[in-house]
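Some notes on the structure that comes next.
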Amino acid sequence: MACRSIVPSISLGLLLSLVITGCGTDDDAAVIDPDKAVLAPGFEPGELVGTRILDGETDPHYPEDDRTYPYYIVHRGPQAGRYPFQSGDRVPDGATVVFKAIATSDEPAPQKLYLQGRFDAEGRIRGDGPLFQFGTTYSTAELLPGWFSREGAVAADTISFEVGPFDYTVGMRGVLYQDGEIVDRDQTPAELSFSGNHPPCVQCLELGNLHLEPDAAYADIEADNCNDAACLATEATLRFYLESDPRLDVDDPTHLIARPGAGTATLWVHPELGGIRHEQPFGEGWVAIPALGRSMVIAMHGKDHPQEPWRDGHVEERVKAWRYQVDYAGDPENRLDDGGGRDDIDLLTGLPIAENAGSPLLSDLYIDEDTGVWGNVVAVAVPAVLVLGGAEAYWQMLRQPGFLDCPPFPEGGGEDEILAWQAEPSVQRAYAAWRLSTVQLTPGTVRAMAVDQTTCEW
């Protein structure tokens with residue numbers, strides 16, 4: 001996870017200062033079918049057959065097969081190829097794994113030795129959701145093994161399947177046949193465990209206006225720049241100017257600008273419930289505050305393992321989804337929804353690819369169609385009177401009749417009178433409205449996690 005701290009302050013031109021900190025083809029496949037065979041009577045189970053799975057080794061019985069088992073196959077990208085691995089290792093998502101087991105028996109022909117395979121898998125849905133478990137039954141033992149001794153003493157065969165983002169345990173066992181019936185099978189099958197999928201990482205979080213162009217330094221998926229220290233250490237400053245201010249340069253990505261026709265906005269606050277919204281909410285008790293609207297873009301750079309590349313022409317597969325959260329010191333319960341996603345570090349944010357607009361001018365959540373970088377547009381709304389007239393003018397506006405209808409301040413009054421005035425319900429509502437409407441001017445942090453799982457809706 002990576003994060004950036006936002007430390008805004010009000011000054012001439014309304015300066016938002018942001019300081020970045022670090023937080024943090026192979027044809028060896030076996031068909032998986034139910035095994036319906038029944039152990040024939042008259043034999044003690046497990047006495048005649050032994051099985052082991054090769055683990056980081058070649059087959060000592062059949063030297064003509066010089067491959068090291070197990071291995072996985074990466075099917076596309078610059079690192080396509082075959083790679084050996086061992087128990088406990090991690091294998092790329094989408095790769096095909098191939099395991100080889102050796103079965104031995106002391107019984108000679110006419111008995112025949114075969115192998116069966118299966119796997120069990122489990123993993124958290126979308127990373128840390130409910131635990132999902134599934135598996136297969138043993139494959140049929142009706143096909144001759146890939147390698148076998150005509151005397152029936154040793155046989156070897158493989159099993160393969162495509163890997164997903166789960167933890168796997170592969171089991172293989174030897175089976176002894178005679179006259180078309182199973183006469184014995186290994187009662188303690190050999191097992192080997194491994195994990196599938198390399199989780200993606202965050203490379204950088206960039207902040208800027210609607211003209212922000214993502215840094216090309218993070219475009220190379222094979223670059224070793226996850227949680228890039230230089231990105232996290234860079235200090236950026238975003239400025240909030242009036243559109244009439246001669247200092248405003250719309251081509252400067254550090255100067256916040258508004259979408260066409262969206263320079264004015266409304267902040268909705270609920271003094272009693274502590275709510276704050278950019279869109280008009282349902283229910284009573286909400287106070288509408290005229291505001292000036294701007295947009296801040298969070299460019300979210302992430303990358304997956306180089307052996308898990310996206311398909312040609314599908315940059316949207318660079319990172320499948322994100323989790324993010326924008327926090328402010330003035331909103332510790334995260335009641336303000338920021339950006340085009342869920343604004344909750346525990347919830348998944350994504351979008352249907354067919355609906356991707358590819359531009360911050362058209363959507364609050366989009367994927368750059370050239371780089372695969374995700375853009376998240378955060379609405380920044382500041383009370384108009386606060387910007388135009390200053391703090392005292394804004395405080396007077398909140399208290400005035402027809403707005404929150406506060407009684408006049410007791411000018412020249414004693415301490416008891418001032419305390420009594422401050423305790424008035426309408427004054428308390430005005431205080432609460434002030435705090436809520438200036439939430440985005442308090443120190444804040446953007447946190448993000450790259451995720452390579454998504455939902456069927458996306």
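Chain labels run A, B, ... following the order of the structure tokens; each chain numbers its residues from 1, and ligands are numbered from 1 in the order shown.
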Q: Using only C-alpha atoms, determine which residues lie at most 10 Å from A:Ser195, disregarding the query and same-chain residues fewer than 2 positions distant; provide the list as a PyMOL selection string.
A: chain A and resi 87-93+121-123+163-169+193+197-198
Q.
Applying 7 Å and only C-alpha atoms, which residues near stretch 211-218 of chain A remain after dropping the ones on its own chain fewer than 4 positions away? List them as a VMD selection string.
A. chain A and resid 203 251 253 299 301
Take the residues that were just selected and, keeping C-alpha atoms, output them as a CSV table (one decimal), in the first residue's frame.
chain,number,residue,atom,x,y,z
A,203,GLN,CA,4.1,2.2,-7.9
A,251,ASP,CA,-2.0,24.4,-18.3
A,253,PRO,CA,-1.2,20.7,-13.5
A,299,ALA,CA,-3.3,9.0,-10.9
A,301,HIS,CA,0.1,3.6,-10.9
Taking only residues of stretch 252-321 of chain A that have an atom at most 8 Å from an atom of stretch 334-351 of chain A, what is each one's shortest atom pair and its distance in Å to one decimal, using only C-alpha atoms, in chain and number order, as JSON lines?
{"residue": "A:Gly274", "atom": "CA", "partner": "A:Arg335", "partner_atom": "CA", "distance": 7.9}
{"residue": "A:Gly275", "atom": "CA", "partner": "A:Arg335", "partner_atom": "CA", "distance": 6.3}
{"residue": "A:Ile276", "atom": "CA", "partner": "A:Leu336", "partner_atom": "CA", "distance": 5.5}
{"residue": "A:Arg277", "atom": "CA", "partner": "A:Leu336", "partner_atom": "CA", "distance": 6.1}
{"residue": "A:Lys320", "atom": "CA", "partner": "A:Gly350", "partner_atom": "CA", "distance": 7.5}
{"residue": "A:Ala321", "atom": "CA", "partner": "A:Gly350", "partner_atom": "CA", "distance": 5.0}
Q) Using only C-alpha atoms, which residue out of A:Val297, A:Val387, A:Ala433, A:Ala219 lies closest to A:Val315? A) A:Ala219
Can you list every residue of stretch 75-132 of chain A that has an atom at most 9 Å from stretch 302-306 of chain A, with its nearest atom pair and the distance in Å to one decimal, using only C-alpha atoms, ordered by chain then number, as CSV?
residue,atom,partner,partner_atom,distance
A:Gly77,CA,A:Pro306,CA,8.1
A:Pro78,CA,A:Pro306,CA,8.2
A:Gln79,CA,A:Pro306,CA,7.2
A:Pro92,CA,A:His305,CA,7.6
Under the rule of at most 12 Å, produce a per-residue listing of stretch 273-358 of chain A near stretch 393-407 of chain A: chain, number, name, the closest pair of atoms, and the distance in Å, as a Markdown table, using only C-alpha atoms.
| residue | atom | partner | partner_atom | distance |
| --- | --- | --- | --- | --- |
| A:Gly285 | CA | A:Leu404 | CA | 11.1 |
| A:Trp286 | CA | A:Leu404 | CA | 11.2 |
| A:Val287 | CA | A:Phe403 | CA | 8.5 |
| A:Ala288 | CA | A:Phe403 | CA | 9.3 |
| A:Ile289 | CA | A:Leu398 | CA | 8.8 |
| A:Pro290 | CA | A:Met397 | CA | 10.8 |
| A:Ala291 | CA | A:Tyr394 | CA | 11.2 |
Just to be explicit: take each residue in the selection above, keep C-alpha atoms, and write the result as an mmCIF file, in the first residue's frame.
data_model
loop_
_atom_site.group_PDB
_atom_site.id
_atom_site.type_symbol
_atom_site.label_atom_id
_atom_site.label_comp_id
_atom_site.auth_asym_id
_atom_site.auth_seq_id
_atom_site.Cartn_x
_atom_site.Cartn_y
_atom_site.Cartn_z
ATOM 1 C CA GLY A 285 -31.850 18.721 8.159
ATOM 2 C CA TRP A 286 -29.356 19.251 5.351
ATOM 3 C CA VAL A 287 -27.924 22.745 4.850
ATOM 4 C CA ALA A 288 -26.951 23.876 1.336
ATOM 5 C CA ILE A 289 -23.804 26.033 1.216
ATOM 6 C CA PRO A 290 -22.820 27.781 -2.040
ATOM 7 C CA ALA A 291 -19.300 26.733 -2.999
#
Q: Return as a PyMOL selection string the full set of residues in stretch 298-450 of chain A whose backbone-based DSSP assignment is strand (DSSP E).
A: chain A and resi 298-303+321-328+365-367+374-383+444-450
Q: Tell me, in Å to one decimal, how far atom CA of A:Pro425 is from atom CA of A:Glu279.
A: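 Computing it gives 25.9 Å between the two atoms.
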**Q.** All helix (DSSP H, G or I) positions in stretch 134-369 of chain A, as a VMD selection string
**A.** chain A and resid 216 to 218 229 to 233 315 to 317 353 to 355
Q: Rank nothing, just name the residue among A:Leu365, A:Ile182, A:Leu242, A:Met300 nearest to A:Val202, using only C-alpha atoms.
A: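 For A:Val202, the nearest of the candidates is A:Met300.
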Q | Counting only C-alpha atoms, the option among A:Val446, A:Cys231, A:Leu131, A:Leu248 closest to A:Cys204 | A | A:Cys231
Q.
If I take atom CA of A:Gly389 and atom CA of A:Glu424, how far is one from the other in Å, to one decimal?
A.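 Separating atom CA of A:Gly389 from atom CA of A:Glu424 is a distance of 25.6 Å.
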Q: In Å, rounded to a single decimal, give me how far atom CA of A:Tyr72 is from atom CA of A:Val98.
A: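 Separation between atom CA of A:Val98 and atom CA of A:Tyr72: 6.1 Å.
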